[in-house]
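Asks: This is the structure I have questions about; it appears just below.
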Amino acid sequence: EKGLNCSHLSTTLICLPELDSTNARARQLAEEDAAEGTVVIADRQSAGRGRLGRCWESPSAVNLYCSILLRPQIPVQQAPQLTFLSAVAVAETLQQLYRIDAKVKWPNDVLVDGKKIAGLLNEMNAETEQIHFVILGIGVNLNMSTEQFPEELNYPATSVLIETGQQVDRPAFVRALLQLLDDYYGEFLQQGFVSIRRRWETLCDMMSQRVSVDNSMFGTVVGLDSDGALRLQLDDGHIERVMAGDVRPQ
Ligand code: BT5
């Protein structure tokens, strides 16, 4: 790809008109020993994946559906840190290119005014200690129009086009995103999670706010732990670590 100056990413850039899921394809390539930094992009996905068996709406020629193969030499427990790295890179790219007030939502969303503009799905293949690979799956709604969203989404959604009224140059967005991801990944390999965590906490929509988790636990968000747990201060003052659940503002 012209104009990219990456140290880790985009060793190979594969762009296809259609895939079932870019994550599925990247996983296949990883199992066939593809190199770190391989990037898979599809114009449309016939079976885009969310978490927990959910679907990711992936209409043709409007959005970004992208998966990046990484082979970091880090302990398995640190692999979730890469989800936060990609959330930060997506939110900051949206801010820098389009002046959109993008925020990150724990664990894997990027939101604008509480509406989802991007989703992240990281998958990993590891034995007990050793990571073989991590796939960073990134879906960003760029030129998707209101009519292209199904009515039954369980969370409000938006796109750059809806937020700004402007069509996005998709290759320009991809270039800027890959460049920033490459910078942050390099920083992560050298210095660890500290600065990514700080950036994520700055971008977090619910930092210092009262939230509920699955409508059963209540507290104030005070930060992110290095294993990806959300730190919640309960009313009695003690800190609870949230590993999973639906976090909503109170
Ligand atoms: C996610 O799941 O947010 C992860 C989405 C990751 C998608 C990328 S695209 C490239 C790569 N290849 C793949 O196959 N996947 C990754 P989750 O938190 O489970 O959110 C899914 C929920 O978001 C759905 O159940 C819908 O309610 C909603 N949703 C579906 N499509 C959406 C869209 N395009 N924009 C906003 N919300 C959407």
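Chain labels run A, B, ... following the order of the structure tokens; each chain numbers its residues from 1, and ligands are numbered from 1 in the order shown.
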If you run DSSP on this backbone, which residues of range 9-148 of chain A come out as alpha helix (DSSP H), and could you give them as JSON, numbers by chain?

Replies: {"A": [22, 23, 24, 25, 26, 27, 28, 29, 30, 31, 81, 82, 83, 84, 85, 86, 87, 88, 89, 90, 91, 92, 93, 94, 95, 96, 97, 98]}

Asks: At a cut-off of 12 Å, using only C-alpha atoms, what residues contact Ala79 in chain A? Leave out same-chain residues fewer than 2 positions from it and give the result as a CSV table (one decimal) with N, CA, C and O atoms, in the first residue's frame.

Replies:
```
chain,number,residue,atom,x,y,z
A,70,LEU,N,-1.4,-10.6,14.5
A,70,LEU,CA,-0.2,-10.2,15.3
A,70,LEU,C,0.3,-11.5,16.0
A,70,LEU,O,-0.4,-12.4,16.3
A,71,ARG,N,1.6,-11.4,16.2
A,71,ARG,CA,2.3,-12.6,16.9
A,71,ARG,C,3.1,-12.0,18.0
A,71,ARG,O,4.4,-12.1,18.0
A,72,PRO,N,2.5,-11.3,19.0
A,72,PRO,CA,3.3,-10.7,20.1
A,72,PRO,C,3.9,-11.8,21.0
A,72,PRO,O,3.2,-12.8,21.3
A,73,GLN,N,5.1,-11.5,21.5
A,73,GLN,CA,5.7,-12.4,22.5
A,73,GLN,C,5.4,-11.9,23.9
A,73,GLN,O,6.2,-11.3,24.5
A,74,ILE,N,4.1,-12.1,24.3
A,74,ILE,CA,3.7,-11.6,25.6
A,74,ILE,C,2.9,-12.7,26.3
A,74,ILE,O,2.5,-13.7,25.6
A,75,PRO,N,2.8,-12.7,27.6
A,75,PRO,CA,2.1,-13.7,28.3
A,75,PRO,C,0.6,-13.7,27.9
A,75,PRO,O,0.1,-12.6,27.6
A,76,VAL,N,0.0,-14.8,27.9
A,76,VAL,CA,-1.4,-14.9,27.5
A,76,VAL,C,-2.3,-13.9,28.2
A,76,VAL,O,-3.2,-13.4,27.6
A,77,GLN,N,-2.1,-13.7,29.5
A,77,GLN,CA,-3.0,-12.8,30.3
A,77,GLN,C,-2.9,-11.4,29.8
A,77,GLN,O,-3.9,-10.6,30.1
A,81,GLN,N,-5.1,-6.8,26.4
A,81,GLN,CA,-4.6,-5.4,26.3
A,81,GLN,C,-4.7,-4.9,24.8
A,81,GLN,O,-4.9,-3.7,24.6
A,82,LEU,N,-4.6,-5.8,23.9
A,82,LEU,CA,-4.6,-5.4,22.5
A,82,LEU,C,-6.0,-4.9,22.0
A,82,LEU,O,-6.1,-4.1,21.1
A,83,THR,N,-7.0,-5.4,22.7
A,83,THR,CA,-8.4,-4.9,22.3
A,83,THR,C,-8.4,-3.4,22.7
A,83,THR,O,-9.0,-2.6,21.9
A,84,PHE,N,-7.9,-3.0,23.8
A,84,PHE,CA,-7.9,-1.6,24.2
A,84,PHE,C,-7.0,-0.8,23.3
A,84,PHE,O,-7.3,0.4,23.0
A,85,LEU,N,-5.9,-1.4,22.9
A,85,LEU,CA,-5.0,-0.7,21.9
A,85,LEU,C,-5.8,-0.4,20.6
A,85,LEU,O,-5.7,0.8,20.1
A,86,SER,N,-6.5,-1.3,20.1
A,86,SER,CA,-7.3,-1.0,18.9
A,86,SER,C,-8.4,-0.1,19.1
A,86,SER,O,-8.7,0.8,18.2
A,122,ASN,N,-11.4,-9.3,19.1
A,122,ASN,CA,-10.0,-9.9,19.1
A,122,ASN,C,-10.1,-11.4,19.4
A,122,ASN,O,-10.8,-11.8,20.4
A,123,GLU,N,-9.5,-12.2,18.6
A,123,GLU,CA,-9.5,-13.6,18.9
A,123,GLU,C,-8.0,-14.1,19.0
A,123,GLU,O,-7.1,-13.5,18.4
A,124,MET,N,-7.8,-15.1,19.8
A,124,MET,CA,-6.5,-15.5,20.1
A,124,MET,C,-6.3,-17.0,20.0
A,124,MET,O,-7.3,-17.7,20.2
A,125,ASN,N,-5.1,-17.4,19.6
A,125,ASN,CA,-4.8,-18.8,19.7
A,125,ASN,C,-3.6,-19.0,20.5
A,125,ASN,O,-2.5,-18.5,20.2
A,126,ALA,N,-3.8,-19.7,21.7
A,126,ALA,CA,-2.7,-19.8,22.6
A,126,ALA,C,-2.7,-21.1,23.3
A,126,ALA,O,-3.7,-21.7,23.5
A,129,GLU,N,0.8,-21.0,28.0
A,129,GLU,CA,1.7,-19.9,28.3
A,129,GLU,C,1.9,-19.1,27.0
A,129,GLU,O,1.9,-17.8,27.0
A,130,GLN,N,2.1,-19.7,25.9
A,130,GLN,CA,2.6,-19.1,24.7
A,130,GLN,C,1.4,-18.7,23.7
A,130,GLN,O,0.6,-19.5,23.4
A,131,ILE,N,1.5,-17.4,23.3
A,131,ILE,CA,0.5,-17.0,22.3
A,131,ILE,C,1.1,-17.4,20.9
A,131,ILE,O,2.2,-17.1,20.5
A,132,HIS,N,0.2,-18.0,20.1
A,132,HIS,CA,0.6,-18.3,18.7
A,132,HIS,C,0.2,-17.1,17.8
A,132,HIS,O,1.0,-16.7,17.0
A,133,PHE,N,-1.0,-16.6,18.0
A,133,PHE,CA,-1.3,-15.4,17.3
A,133,PHE,C,-2.5,-14.7,17.9
A,133,PHE,O,-3.3,-15.3,18.7
A,134,VAL,N,-2.7,-13.4,17.6
A,134,VAL,CA,-3.9,-12.7,18.0
A,134,VAL,C,-4.4,-12.1,16.7
A,134,VAL,O,-3.7,-11.6,15.9
A,135,ILE,N,-5.7,-12.1,16.5
A,135,ILE,CA,-6.4,-11.4,15.4
A,135,ILE,C,-7.1,-10.2,16.0
A,135,ILE,O,-8.0,-10.4,16.8
A,136,LEU,N,-6.7,-9.0,15.5
A,136,LEU,CA,-7.5,-7.8,15.9
A,136,LEU,C,-8.5,-7.6,14.8
A,136,LEU,O,-8.2,-7.3,13.7
A,188,PHE,N,3.7,-0.5,22.5
A,188,PHE,CA,3.2,-1.5,23.4
A,188,PHE,C,4.3,-2.6,23.5
A,188,PHE,O,4.6,-3.1,24.6
A,189,LEU,N,4.9,-3.0,22.4
A,189,LEU,CA,6.0,-4.1,22.5
A,189,LEU,C,7.2,-3.6,23.3
A,189,LEU,O,7.8,-4.3,24.0
A,192,GLY,N,5.2,-1.7,27.0
A,192,GLY,CA,4.1,-2.3,27.7
A,192,GLY,C,2.8,-1.5,27.6
A,192,GLY,O,2.6,-0.6,26.8
A,193,PHE,N,1.9,-1.8,28.6
A,193,PHE,CA,0.5,-1.3,28.5
A,193,PHE,C,0.3,0.1,29.0
A,193,PHE,O,-0.8,0.7,28.8
A,226,SER,N,-4.6,-4.2,34.2
A,226,SER,CA,-3.7,-4.6,33.1
A,226,SER,C,-4.2,-5.9,32.5
A,226,SER,O,-3.8,-6.3,31.4
A,227,ASP,N,-5.1,-6.7,33.1
A,227,ASP,CA,-5.7,-7.8,32.4
A,227,ASP,C,-7.0,-7.5,31.7
A,227,ASP,O,-7.7,-8.4,31.2
A,228,GLY,N,-7.3,-6.2,31.6
A,228,GLY,CA,-8.5,-5.8,30.9
A,228,GLY,C,-9.8,-5.7,31.8
A,228,GLY,O,-10.8,-5.3,31.3
```

Asks: List as a ChimeraX atom specification the protein and nucleic acid residues near Leu121 in chain A, meaning an atom at most 7 Å away when only C-alpha atoms are counted, but skip any in the same chain fewer than 5 places from it.

Replies: /A:50-51,136-138

Asks: Tell me, counting only C-alpha atoms and all ligand atoms, for each residue of chain A within 7 Å of ligand 1, which pair of atoms is nearest and how far apart they are in Å to one decimal, in rows ordered by chain and increasing number, as CSV.

Replies:
```
residue,atom,partner,partner_atom_place_in_ligand_line,distance
A:Ser21,CA,ligand 1,14 (O),3.9
A:Thr22,CA,ligand 1,12 (N),4.3
A:Asn23,CA,ligand 1,12 (N),4.3
A:Ala24,CA,ligand 1,14 (O),6.7
A:Ala47,CA,ligand 1,14 (O),6.6
A:Gly48,CA,ligand 1,14 (O),3.7
A:Arg49,CA,ligand 1,14 (O),3.7
A:Gly50,CA,ligand 1,2 (O),3.3
A:Arg51,CA,ligand 1,19 (O),3.6
A:Leu52,CA,ligand 1,19 (O),6.1
A:Arg54,CA,ligand 1,25 (O),4.9
A:Cys55,CA,ligand 1,24 (C),5.4
A:Trp56,CA,ligand 1,31 (N),3.7
A:Glu57,CA,ligand 1,31 (N),3.8
A:Ser58,CA,ligand 1,34 (N),5.9
A:Tyr65,CA,ligand 1,10 (C),3.9
A:Cys66,CA,ligand 1,10 (C),4.5
A:Ser67,CA,ligand 1,11 (C),5.6
A:Asn108,CA,ligand 1,3 (O),6.2
A:Asp109,CA,ligand 1,3 (O),5.8
A:Lys116,CA,ligand 1,36 (C),5.0
A:Ile117,CA,ligand 1,36 (C),5.7
A:Ala118,CA,ligand 1,35 (N),6.3
A:Gly119,CA,ligand 1,3 (O),3.4
A:Leu120,CA,ligand 1,4 (C),4.3
A:Leu121,CA,ligand 1,4 (C),4.5
A:Gly137,CA,ligand 1,11 (C),4.0
A:Ile138,CA,ligand 1,8 (C),4.4
A:Gly139,CA,ligand 1,9 (S),3.6
A:Asn141,CA,ligand 1,34 (N),6.0
A:Leu153,CA,ligand 1,27 (O),3.9
A:Asn154,CA,ligand 1,27 (O),4.3
A:Tyr155,CA,ligand 1,27 (O),5.6
A:Ala157,CA,ligand 1,36 (C),4.6
A:Thr158,CA,ligand 1,36 (C),6.6
```

Asks: Save the residues we just selected, N, CA and C atoms, as a compact mmCIF listing (two decimals), in the first residue's frame?

Replies:
```txt
# COMPACT_ATOMS: atom_id res chain seq x y z
N SER A 21 -16.10 -13.62 6.87
CA SER A 21 -15.65 -12.79 7.98
C SER A 21 -14.14 -12.58 7.81
N THR A 22 -13.69 -11.35 7.92
CA THR A 22 -12.25 -11.10 7.80
C THR A 22 -11.50 -11.78 8.94
N ASN A 23 -12.13 -11.88 10.12
CA ASN A 23 -11.47 -12.58 11.23
C ASN A 23 -11.27 -14.05 10.90
N ALA A 24 -12.29 -14.68 10.29
CA ALA A 24 -12.17 -16.10 9.96
C ALA A 24 -11.04 -16.30 8.95
N ALA A 47 -20.97 -12.95 6.71
CA ALA A 47 -21.23 -13.47 8.05
C ALA A 47 -20.30 -12.78 9.05
N GLY A 48 -20.37 -11.44 9.07
CA GLY A 48 -19.54 -10.66 10.00
C GLY A 48 -19.88 -11.05 11.44
N ARG A 49 -18.86 -11.17 12.25
CA ARG A 49 -19.06 -11.67 13.61
C ARG A 49 -18.93 -10.59 14.65
N GLY A 50 -19.81 -10.64 15.65
CA GLY A 50 -19.62 -9.89 16.88
C GLY A 50 -19.18 -10.87 17.95
N ARG A 51 -19.29 -10.46 19.21
CA ARG A 51 -18.93 -11.36 20.30
C ARG A 51 -20.10 -12.31 20.58
N LEU A 52 -19.80 -13.40 21.28
CA LEU A 52 -20.82 -14.31 21.80
C LEU A 52 -21.82 -14.73 20.73
N ARG A 54 -22.85 -13.15 18.20
CA ARG A 54 -23.67 -12.10 17.59
C ARG A 54 -23.16 -11.76 16.19
N CYS A 55 -24.01 -11.04 15.42
CA CYS A 55 -23.64 -10.70 14.04
C CYS A 55 -23.18 -9.26 13.95
N TRP A 56 -22.31 -8.99 12.99
CA TRP A 56 -21.90 -7.62 12.69
C TRP A 56 -22.43 -7.26 11.31
N GLU A 57 -23.30 -6.25 11.26
CA GLU A 57 -23.88 -5.81 9.99
C GLU A 57 -22.77 -5.31 9.09
N SER A 58 -22.68 -5.86 7.88
CA SER A 58 -21.52 -5.56 7.02
C SER A 58 -21.93 -5.31 5.57
N TYR A 65 -14.12 -3.25 7.22
CA TYR A 65 -14.09 -4.55 7.90
C TYR A 65 -12.67 -5.06 7.73
N CYS A 66 -11.97 -5.19 8.84
CA CYS A 66 -10.53 -5.39 8.74
C CYS A 66 -10.06 -6.31 9.87
N SER A 67 -9.10 -7.18 9.56
CA SER A 67 -8.50 -8.02 10.60
C SER A 67 -7.00 -8.01 10.46
N ASN A 108 -15.27 -3.31 24.39
CA ASN A 108 -14.79 -3.38 23.01
C ASN A 108 -15.55 -2.49 22.03
N ASP A 109 -16.08 -1.36 22.51
CA ASP A 109 -16.85 -0.50 21.60
C ASP A 109 -16.20 0.86 21.46
N LYS A 116 -23.05 3.42 18.86
CA LYS A 116 -21.88 2.61 18.46
C LYS A 116 -21.46 2.92 17.03
N ILE A 117 -20.20 3.32 16.86
CA ILE A 117 -19.67 3.62 15.53
C ILE A 117 -18.65 2.56 15.10
N ALA A 118 -18.12 1.82 16.08
CA ALA A 118 -17.15 0.76 15.75
C ALA A 118 -17.21 -0.34 16.79
N GLY A 119 -16.90 -1.55 16.34
CA GLY A 119 -16.83 -2.71 17.24
C GLY A 119 -15.53 -3.45 17.01
N LEU A 120 -15.01 -4.04 18.06
CA LEU A 120 -13.73 -4.74 18.00
C LEU A 120 -13.92 -6.17 18.46
N LEU A 121 -13.28 -7.08 17.74
CA LEU A 121 -13.38 -8.49 18.11
C LEU A 121 -12.00 -9.12 18.00
N GLY A 137 -9.80 -7.80 15.17
CA GLY A 137 -10.91 -7.57 14.23
C GLY A 137 -11.50 -6.19 14.47
N ILE A 138 -11.61 -5.41 13.41
CA ILE A 138 -12.04 -4.02 13.54
C ILE A 138 -13.14 -3.73 12.52
N GLY A 139 -14.30 -3.33 13.01
CA GLY A 139 -15.39 -2.90 12.12
C GLY A 139 -15.72 -1.46 12.43
N ASN A 141 -18.06 1.90 11.15
CA ASN A 141 -19.12 2.39 10.27
C ASN A 141 -18.70 3.74 9.70
N LEU A 153 -31.35 -3.56 16.21
CA LEU A 153 -30.07 -3.48 16.93
C LEU A 153 -30.35 -3.25 18.42
N ASN A 154 -29.60 -3.94 19.27
CA ASN A 154 -29.89 -3.81 20.70
C ASN A 154 -29.21 -2.59 21.33
N TYR A 155 -28.53 -1.79 20.49
CA TYR A 155 -27.81 -0.62 20.98
C TYR A 155 -27.88 0.40 19.86
N ALA A 157 -26.84 2.96 16.99
CA ALA A 157 -25.62 2.92 16.18
C ALA A 157 -25.53 4.17 15.31
N THR A 158 -24.31 4.45 14.85
CA THR A 158 -24.11 5.60 13.98
C THR A 158 -22.93 5.34 13.05
```

Asks: When DSSP works through the backbone of this structure, what residues of range 4-247 of chain A end up as strand (DSSP E or B), shown as a PyMOL selection string?

Replies: chain A and resi 13-19+39-45+49+55+64-70+102-105+109-112+115-126+131-140+157+204+210-213+217-224+230-233+239-242+247

Asks: If you measure from CA of Asn215 in chain A to CA of Pro107 in chain A, what distance in Å do you get, rounded to one decimal?

Replies: 16.7 Å

Asks: Rank A:Lys105, A:Lys115, A:Arg170, A:Arg199 by their smallest atom-to-atom distance to Val221 in chain A, using only C-alpha atoms, and report the top residue only.

Replies: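 Nearest candidate to Val221 in chain A out of A:Lys105, A:Lys115, A:Arg170, A:Arg199: A:Lys105.
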
Asks: Between A:Lys103, A:His8, A:Arg241, A:Arg175, which residue has the minimum interatomic distance to Glu187 in chain A, considering only C-alpha atoms?

Replies: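 The shortest atom-to-atom distance to Glu187 in chain A comes from A:His8.
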
Asks: Work out how far apart CA of Asp20 in chain A and CA of Leu69 in chain A are and give it in Å to one decimal.

Replies: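 Separation between CA of Asp20 in chain A and CA of Leu69 in chain A: 17.1 Å.
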
Asks: For a quick check of understanding, using only C-alpha atoms, which of A:Val140, A:Tyr185, A:Arg198, A:Ala89 has the smallest distance to Leu161 in chain A?

Replies: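 When distances to Leu161 in chain A are compared using only C-alpha atoms, the smallest one comes from A:Val140.
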
Asks: Do you know which residues are at most 12 Å from Ala61 in chain A counting only C-alpha atoms, after dropping those on the same chain fewer than 6 positions away, and could you put them as a short mmCIF file (atom, residue, chain, number, x, y, z; two decimals) with C-alpha atoms, in the first residue's frame?

Replies:
```cif
data_model
loop_
_atom_site.label_atom_id
_atom_site.label_comp_id
_atom_site.auth_asym_id
_atom_site.auth_seq_id
_atom_site.Cartn_x
_atom_site.Cartn_y
_atom_site.Cartn_z
CA LEU A 16 -11.09 -8.71 -1.28
CA PRO A 17 -14.58 -7.84 -2.51
CA GLU A 18 -16.29 -10.31 -0.17
CA ILE A 41 -9.84 -6.21 4.41
CA ALA A 42 -13.17 -7.05 2.74
CA ASP A 43 -15.58 -4.72 1.00
CA ARG A 44 -18.43 -6.71 2.44
CA GLN A 45 -18.91 -9.63 4.85
CA ASN A 141 -19.12 2.39 10.27
CA LEU A 142 -17.92 4.97 7.77
CA ASN A 143 -20.41 5.72 4.97
CA MET A 144 -23.32 3.64 6.28
CA SER A 145 -26.64 5.52 6.12
CA GLN A 148 -28.80 0.56 6.20
CA GLN A 167 -18.70 10.86 2.74
CA VAL A 168 -15.47 9.31 3.96
CA ASP A 169 -12.53 8.44 1.72
CA ARG A 170 -12.18 4.85 2.93
CA PRO A 171 -8.57 4.22 1.80
#
```
